[in-house]
Every structure is written in structure tokens, then in C-alpha cells.
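Structure data follow from work-v1.cif (mmCIF, C-alpha atoms):
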```cif
data_start
#
loop_
_atom_site.label_atom_id
_atom_site.label_comp_id
_atom_site.auth_asym_id
_atom_site.auth_seq_id
_atom_site.Cartn_x
_atom_site.Cartn_y
_atom_site.Cartn_z
CA ILE A 1 -9.85 -5.59 27.55
CA PRO A 2 -12.42 -7.12 27.44
CA THR A 3 -11.35 -10.10 25.34
CA PRO A 4 -12.64 -9.73 21.75
CA GLU A 5 -15.54 -11.97 20.80
CA LEU A 6 -15.92 -13.32 17.27
CA GLY A 7 -19.31 -13.78 15.63
CA GLY A 8 -21.51 -11.42 17.60
CA PRO A 9 -25.06 -10.79 16.39
CA PRO A 10 -25.89 -7.84 14.11
CA VAL A 11 -26.77 -4.61 15.86
CA ALA A 12 -29.30 -2.09 14.58
CA ASP A 13 -28.14 1.45 13.85
CA PRO A 14 -28.08 3.01 17.34
CA LEU A 15 -28.55 6.53 15.92
CA ALA A 16 -31.23 5.72 13.35
CA GLY A 17 -33.65 8.12 15.03
CA LEU A 18 -31.25 11.09 15.03
CA ARG A 19 -32.79 14.08 13.28
CA THR A 20 -30.95 15.82 10.45
CA PRO A 21 -30.09 19.54 10.81
CA ASP A 22 -33.02 20.73 8.66
CA GLN A 23 -35.36 19.07 11.20
CA LEU A 24 -33.92 21.00 14.15
CA THR A 25 -35.68 23.98 15.71
CA PRO A 26 -34.40 26.33 14.46
CA PRO A 27 -32.50 24.75 11.54
CA PRO A 28 -29.08 26.09 10.46
CA THR A 29 -29.38 28.91 7.93
CA PRO A 30 -27.31 29.52 4.75
CA GLN A 31 -24.07 31.47 5.23
CA VAL A 32 -21.66 33.10 2.79
CA PRO A 33 -18.16 31.63 3.23
CA PRO A 34 -15.77 34.37 4.38
CA THR A 35 -12.25 34.93 3.11
CA LEU A 36 -10.07 32.70 5.25
CA THR A 37 -6.84 34.42 6.28
CA GLY A 38 -5.19 34.52 9.68
CA THR A 39 -7.67 33.78 12.46
CA VAL A 40 -11.36 33.70 11.54
CA ASN A 41 -14.45 33.14 13.69
CA LEU A 42 -16.99 31.12 11.71
CA PRO A 43 -20.68 31.26 12.71
CA PRO A 44 -22.78 28.10 12.46
CA GLY A 45 -24.93 27.54 9.40
CA VAL A 46 -25.04 25.97 5.94
CA TYR A 47 -21.90 26.38 3.80
CA PRO A 48 -20.98 25.08 0.34
CA SER A 49 -17.47 24.14 1.51
CA ILE A 50 -14.58 25.47 3.60
CA THR A 51 -10.88 24.90 2.91
CA VAL A 52 -8.51 25.83 5.73
CA ASP A 53 -5.06 26.47 4.30
CA ASP A 54 -1.62 26.70 5.91
CA GLY A 55 -1.42 29.47 8.50
CA VAL A 56 -5.21 29.81 8.89
CA THR A 57 -7.04 29.11 12.13
CA VAL A 58 -10.82 28.80 11.94
CA THR A 59 -12.63 29.04 15.28
CA LEU A 60 -16.07 27.45 15.22
CA GLU A 61 -18.74 29.11 17.30
CA ASP A 62 -21.42 27.19 19.20
CA GLY A 63 -23.77 25.33 16.84
CA VAL A 64 -24.16 23.04 13.82
CA TYR A 65 -22.13 23.37 10.61
CA VAL A 66 -23.58 21.90 7.40
CA PHE A 67 -21.42 21.42 4.28
CA THR A 68 -23.05 20.67 0.93
CA GLU A 69 -20.41 20.65 -1.84
CA PRO A 70 -17.95 17.80 -2.52
CA ALA A 71 -14.96 19.62 -0.93
CA GLY A 72 -16.89 19.79 2.35
CA LEU A 73 -14.54 20.65 5.20
CA THR A 74 -10.90 20.37 4.13
CA ILE A 75 -8.08 21.09 6.58
CA ARG A 76 -4.72 21.33 4.83
CA ASN A 77 -1.18 21.05 6.19
CA GLY A 78 -0.72 23.91 8.66
CA GLY A 79 -4.45 24.69 8.90
CA ARG A 80 -6.37 24.52 12.18
CA VAL A 81 -10.05 24.19 13.10
CA VAL A 82 -10.80 24.72 16.80
CA THR A 83 -13.43 25.68 19.35
CA ARG A 84 -12.70 28.02 22.24
CA GLY A 85 -14.31 29.71 25.19
CA GLY A 86 -16.78 26.93 25.91
CA ASP A 87 -18.20 26.85 22.37
CA ARG A 88 -19.02 23.42 20.97
CA ALA A 89 -19.79 22.37 17.41
CA ALA A 90 -21.08 19.46 15.33
CA ILE A 91 -20.24 18.92 11.64
CA TYR A 92 -22.87 17.63 9.16
CA LEU A 93 -21.80 16.36 5.72
CA ALA A 94 -24.71 16.77 3.32
CA CYS A 95 -25.13 16.77 -0.49
CA GLU A 96 -25.58 19.61 -2.98
CA ASP A 97 -29.38 19.22 -2.95
CA TYR A 98 -29.55 19.62 0.85
CA PRO A 99 -31.93 19.19 2.60
CA THR A 100 -32.72 16.39 0.11
CA ARG A 101 -31.01 13.25 1.37
CA CYS A 102 -27.87 11.91 -0.32
CA SER A 103 -27.92 8.90 -2.61
CA GLY A 104 -24.18 8.68 -3.27
CA ASN A 105 -21.24 11.06 -3.07
CA GLY A 106 -21.64 14.10 -0.85
CA ALA A 107 -19.50 16.51 1.15
CA ARG A 108 -16.28 15.07 2.53
CA PHE A 109 -14.26 15.59 5.68
CA LEU A 110 -10.52 15.69 4.96
CA LEU A 111 -7.80 16.23 7.55
CA GLU A 112 -4.49 16.34 5.69
CA PRO A 113 -1.12 15.50 7.30
CA GLY A 114 -0.10 18.53 9.33
CA GLY A 115 -3.67 19.76 9.79
CA GLN A 116 -5.40 20.08 13.17
CA PHE A 117 -9.02 19.45 14.15
CA GLN A 118 -9.59 20.30 17.82
CA VAL A 119 -13.34 20.76 18.13
CA ASP A 120 -15.36 19.96 21.23
CA PRO A 121 -18.70 18.24 20.50
CA PRO A 122 -21.97 19.64 21.88
CA ALA A 123 -22.61 18.86 25.53
CA ALA A 124 -26.41 19.11 25.32
CA GLY A 125 -29.25 19.08 22.82
CA GLU A 126 -30.00 16.87 19.82
CA TYR A 127 -26.32 16.39 18.93
CA ALA A 128 -24.86 16.02 22.41
CA GLY A 129 -21.63 14.04 22.17
CA LEU A 130 -21.63 14.05 18.34
CA SER A 131 -18.55 15.33 16.47
CA ILE A 132 -19.28 14.47 12.82
CA PHE A 133 -22.58 13.37 11.22
CA ALA A 134 -22.57 12.34 7.55
CA ASP A 135 -25.90 12.10 5.73
CA ARG A 136 -27.04 8.48 5.92
CA GLY A 137 -26.70 8.12 2.14
CA ASN A 138 -23.34 9.94 1.82
CA THR A 139 -20.74 7.50 0.43
CA THR A 140 -17.79 9.92 0.17
CA PRO A 141 -14.90 8.75 2.39
CA MET A 142 -13.89 10.65 5.51
CA LEU A 143 -10.09 10.94 5.51
CA LEU A 144 -8.25 11.48 8.81
CA LEU A 145 -4.60 11.57 7.76
CA ASP A 146 -2.99 13.07 10.85
CA ASP A 147 -3.09 12.73 14.62
CA VAL A 148 -6.56 13.46 15.88
CA SER A 149 -8.49 12.88 19.08
CA LEU A 150 -12.23 12.64 18.56
CA GLY A 151 -14.07 13.44 21.77
CA GLY A 152 -17.49 12.82 20.21
CA ALA A 153 -19.21 10.23 18.06
CA LEU A 154 -18.55 9.89 14.34
CA TYR A 155 -21.73 8.84 12.51
CA GLY A 156 -21.91 7.96 8.81
CA PRO A 157 -23.71 4.65 8.14
CA SER A 158 -22.77 4.62 4.43
CA THR A 159 -19.44 6.43 4.76
CA PRO A 160 -15.99 4.79 4.52
CA LEU A 161 -13.58 6.03 7.20
CA VAL A 162 -9.86 6.06 6.39
CA LEU A 163 -7.36 6.53 9.23
CA SER A 164 -3.71 6.95 8.28
CA SER A 165 -1.21 8.89 10.35
CA ALA A 166 2.44 8.90 11.36
CA GLY A 167 1.19 9.20 14.94
CA ASP A 168 -1.78 7.91 16.88
CA VAL A 169 -5.50 8.28 16.34
CA GLN A 170 -7.58 8.26 19.51
CA VAL A 171 -11.34 7.71 19.48
CA ASP A 172 -13.15 7.89 22.80
CA SER A 173 -16.69 7.56 21.56
CA LEU A 174 -19.04 5.73 19.23
CA LEU A 175 -18.19 5.01 15.58
CA VAL A 176 -21.06 4.12 13.22
CA ILE A 177 -19.61 3.96 9.72
CA GLY A 178 -19.87 2.04 6.45
CA THR A 179 -16.30 0.68 6.44
CA LEU A 180 -13.06 1.27 8.36
CA ARG A 181 -9.53 1.21 6.96
CA VAL A 182 -6.58 1.77 9.28
CA SER A 183 -3.01 2.05 7.94
CA ASN A 184 0.32 3.39 9.20
CA THR A 185 -1.11 4.31 12.58
CA ASP A 186 -2.20 2.98 15.94
CA LEU A 187 -5.91 3.32 16.61
CA GLY A 188 -6.71 3.77 20.28
CA VAL A 189 -10.22 3.31 21.62
CA ALA A 190 -10.75 4.21 25.27
CA TYR A 191 -14.00 3.38 27.00
CA ASP A 192 -15.37 1.92 30.20
CA PRO A 193 -16.76 -1.51 29.19
CA SER A 194 -19.08 -1.44 32.18
CA VAL A 195 -20.96 1.59 30.77
CA PRO A 196 -23.46 0.64 28.01
CA LEU A 197 -23.64 2.71 24.84
CA PRO A 198 -27.16 3.99 24.03
CA GLY A 199 -28.93 1.61 21.67
CA VAL A 200 -25.99 -0.81 21.57
CA GLY A 201 -25.27 -2.03 25.07
CA ARG A 202 -21.73 -3.13 25.83
CA PRO A 203 -19.22 -1.44 23.46
CA VAL A 204 -18.29 -3.65 20.52
CA LEU A 205 -16.58 -3.52 17.13
CA ILE A 206 -18.93 -4.90 14.49
CA ARG A 207 -18.19 -5.76 10.90
#
```
Go ahead and express the file in the form of C-alpha cells.
Amino acid sequence: IPTPELGGPPVADPLAGLRTPDQLTPPPTPQVPPTLTGTVNLPPGVYPSITVDDGVTVTLEDGVYVFTEPAGLTIRNGGRVVTRGGDRAAIYLACEDYPTRCSGNGARFLLEPGGQFQVDPPAAGEYAGLSIFADRGNTTPMLLLDDVSLGGALYGPSTPLVLSSAGDVQVDSLLVIGTLRVSNTDLGVAYDPSVPLPGVGRPVLIR
């Protein structure tokens, strides 16, 4: 609901005017990745990569998190990435020459089976309602391989998105991606079709 329509007209990138993190005031600053054991609070900033292993819980503080190396943000079986206490975070997947724009493979987002990503998106500011933002030239796939509920938009115009889970994947916001592959899972999209999406109008799935 509503009934799908075949052959709709092309739609321009609704987030084409979104500024990258280096254009924010102030921009995220470089951080040294900490040793990840037990429960760790991670401040916002620019990181090479973060791998969250089994038994580790990383709590993101309020702000923007930029990843520059190919491993990007990797959440392994038994690892958790969360926000708590009203904090909200957005993830940006850049390339190693950040802030130079990507022209191919960049940082990835990988949620392995058994991993958890429970991060509230920002409620205000430039990235309000945005969960994950991949550089517009980043062609490295985002891999969501376990149950996940994305409360914010996922934006990666050149990025393939792969959804594969033994359970359900729920997306309650905008997806702007290069390609979508869904396997071994049910993809749920919940929205009010009477409420237009900014820059798009009535919610649609466009190939």
C-alpha cells in the first residue's frame, strides 16, 4: 500500500545539496582509535577504521563519525554499536585521502551476522534524520547481514547495499543508493504515503 507503479519518471538525488563533514562548522577532528575491550565510549571525529569484536560494546557519543580506511566500521558477531542517554550519531564513509572525494572504493560499513547496530540518528542540524552517509563516489558495498532497524536515512548514491539476514530488516526512512540486493530476508519499509519526502514527493522505489 499504495499499489506499486511501474515506469515512473527519474528522480533527481534528493540529498545532492547535503554538505560533507569537512564542510560543517566545526568539522570533525582526527581521533586516535582506542583499544576496544569491554564497554568503550567513542567520541565523534575522524577515524581510520573501527572493528568491534565479540563481547565489545561501543557507545557513540553525540556527533559525526568519519571513517577513512577500507575496513571502515566493522561490527563482528557478538559486537555492539549503540547510542545512549539521548546521544545521536551519524556515520560518514570516506576514502583514505579524506577530505578529497572518493573516486572508487572507500570505507565500508559491515554488520556481520550476530552483530548489533542500534544507533539513533541526529534529531537536528545538517544531518537530522541521517544514519549513514557514504561519500558520493564511494563504490564499496555496505553489508547488513543481520537484523537491523534503521531509524534514519541511508545515503550512498554510488554504493551497493546488500541486505541478507535470517531475520527481518526494517527501514523506516529514505534510501538513496547505487544498487540494492536483498536475499534470505524480508525487507520491511514503513512510511506514511501521505507525507512527502523532501526533494522526492510521495515515497517511491526507483531503479
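One distance worth recording is that between atom CA of A:Gly72 and atom CA of A:Asp186, which is 26.1 Å.
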### Summary
Judged by all atoms listed in the file, the minimum distance to A:Asp97 among A:Asp120, A:Glu69, A:Glu61, A:Asp53 is found for A:Glu69
### Task
Might you spell out which residues the PyMOL selection byres ((chain A and resi 48) around 9) would select in the displayed file, as a ChimeraX atom specification?
/A:30-33,46-47,49-50,66-72,96,107
#### Entry: Output of the PyMOL selection byres ((chain A and resi 162) around 12), listed as a list in words
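Selected by the PyMOL selection byres ((chain A and resi 162) around 12) in this file: Arg108, Phe109, Leu110, Leu111, Glu112, Thr140, Pro141, Met142, Leu143, Leu144, Leu145, Asp146, Thr159, Pro160, Leu161, Leu163, Ser164, Ser165, Val169, Ile177, Gly178, Thr179, Leu180, Arg181, Val182, Ser183, Asn184, Thr185 and Leu187 of chain A.
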### Query
Using only C-alpha atoms, which of A:Tyr155, A:Leu15, A:Arg80, A:Asp22 sits nearest A:Thr37?
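Checking each candidate against A:Thr37, we get A:Arg80 as the closest.
Proximity ranking of A:Gly106, A:Val119, A:Gly137, A:Val81 relative to A:Val40 places A:Val81 first, based on only C-alpha atoms.
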### Interatomic distance (Å, one decimal) between atom CA of A:Gln116 and atom CA of A:Arg136
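A separation of 25.6 Å between them.
Closest to A:Ala123 among A:Ser158, A:Tyr98, A:Asp62, A:Val82 is A:Asp62, based on all atoms listed in the file.
Take the PyMOL selection byres ((chain A and resi 126) around 8) and apply it to this file: it picks Leu18, Arg19, Ala124, Gly125, Tyr127 and Ala128 of chain A.
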### Task
Would you work out the distance separating atom CA of A:Gly188 from atom CA of A:Gln118, expressed in Å to one decimal?
17.0 Å
### Message
Show me the residues close to (-24.2, 20.4, 15.2) - anything with an atom within 9 Å, counting only C-alpha atoms - and format the list as a VMD selection string.
### Response
chain A and resid 21 28 44 62 to 66 88 to 92 121 to 122 126 to 128 130 to 133
### Task
Write out as a ChimeraX atom specification which residues come within 8 Å of A:Asp135 when counting all atoms listed in the file, dropping same-chain ones fewer than 5 positions away.
/A:20,92-95,101-102,156
### Query
Using all atoms listed in the file, which residue out of A:Thr83, A:Gly45, A:Asn77, A:Asp168 lies closest to A:Val58?
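Comparing A:Thr83, A:Gly45, A:Asn77, A:Asp168 against A:Val58, the winner is A:Thr83.
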Will you give me stretch 40-60 of chain A, written with N, CA and C atoms and laid out as a CSV table (one decimal), in the first residue's frame?
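Okay, this is what ended up in out_9.csv:
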```csv
chain,number,residue,atom,x,y,z
A,40,VAL,N,33.2,0.7,25.7
A,40,VAL,CA,34.0,1.8,25.4
A,40,VAL,C,33.1,3.0,24.9
A,41,ASN,N,33.3,4.2,25.4
A,41,ASN,CA,32.7,5.4,24.9
A,41,ASN,C,33.6,6.0,23.8
A,42,LEU,N,33.0,6.2,22.6
A,42,LEU,CA,33.8,6.7,21.5
A,42,LEU,C,33.4,8.1,21.1
A,43,PRO,N,34.3,9.1,21.2
A,43,PRO,CA,33.9,10.4,20.9
A,43,PRO,C,33.8,10.6,19.4
A,44,PRO,N,33.1,11.6,18.9
A,44,PRO,CA,33.0,11.8,17.4
A,44,PRO,C,34.3,12.3,16.9
A,45,GLY,N,34.5,12.1,15.6
A,45,GLY,CA,35.7,12.6,14.9
A,45,GLY,C,36.0,11.7,13.7
A,46,VAL,N,37.3,11.9,13.2
A,46,VAL,CA,37.7,11.2,12.0
A,46,VAL,C,38.6,10.0,12.5
A,47,TYR,N,38.3,8.8,12.1
A,47,TYR,CA,39.0,7.6,12.4
A,47,TYR,C,39.4,6.8,11.2
A,48,PRO,N,40.6,6.1,11.2
A,48,PRO,CA,40.9,5.3,10.1
A,48,PRO,C,39.9,4.2,9.9
A,49,SER,N,39.7,3.4,11.0
A,49,SER,CA,38.7,2.3,11.0
A,49,SER,C,38.4,1.9,12.4
A,50,ILE,N,37.3,1.2,12.6
A,50,ILE,CA,37.0,0.6,13.9
A,50,ILE,C,36.4,-0.8,13.7
A,51,THR,N,36.9,-1.8,14.4
A,51,THR,CA,36.4,-3.1,14.3
A,51,THR,C,35.9,-3.5,15.7
A,52,VAL,N,34.6,-3.8,15.8
A,52,VAL,CA,34.0,-4.1,17.1
A,52,VAL,C,33.9,-5.6,17.2
A,53,ASP,N,34.7,-6.3,18.0
A,53,ASP,CA,34.7,-7.7,18.1
A,53,ASP,C,33.7,-8.2,19.1
A,54,ASP,N,33.6,-9.6,19.2
A,54,ASP,CA,32.7,-10.3,20.1
A,54,ASP,C,33.0,-9.8,21.5
A,55,GLY,N,31.9,-9.5,22.2
A,55,GLY,CA,32.0,-9.1,23.6
A,55,GLY,C,32.3,-7.6,23.8
A,56,VAL,N,32.4,-6.8,22.8
A,56,VAL,CA,32.7,-5.4,22.9
A,56,VAL,C,31.5,-4.6,22.6
A,57,THR,N,31.2,-3.6,23.4
A,57,THR,CA,30.1,-2.6,23.2
A,57,THR,C,30.7,-1.3,23.0
A,58,VAL,N,30.5,-0.6,21.9
A,58,VAL,CA,31.0,0.7,21.6
A,58,VAL,C,29.8,1.7,21.7
A,59,THR,N,29.9,2.6,22.6
A,59,THR,CA,28.8,3.6,22.7
A,59,THR,C,29.2,4.9,22.0
A,60,LEU,N,28.5,5.3,21.0
A,60,LEU,CA,28.8,6.5,20.2
A,60,LEU,C,28.2,7.7,21.0
```
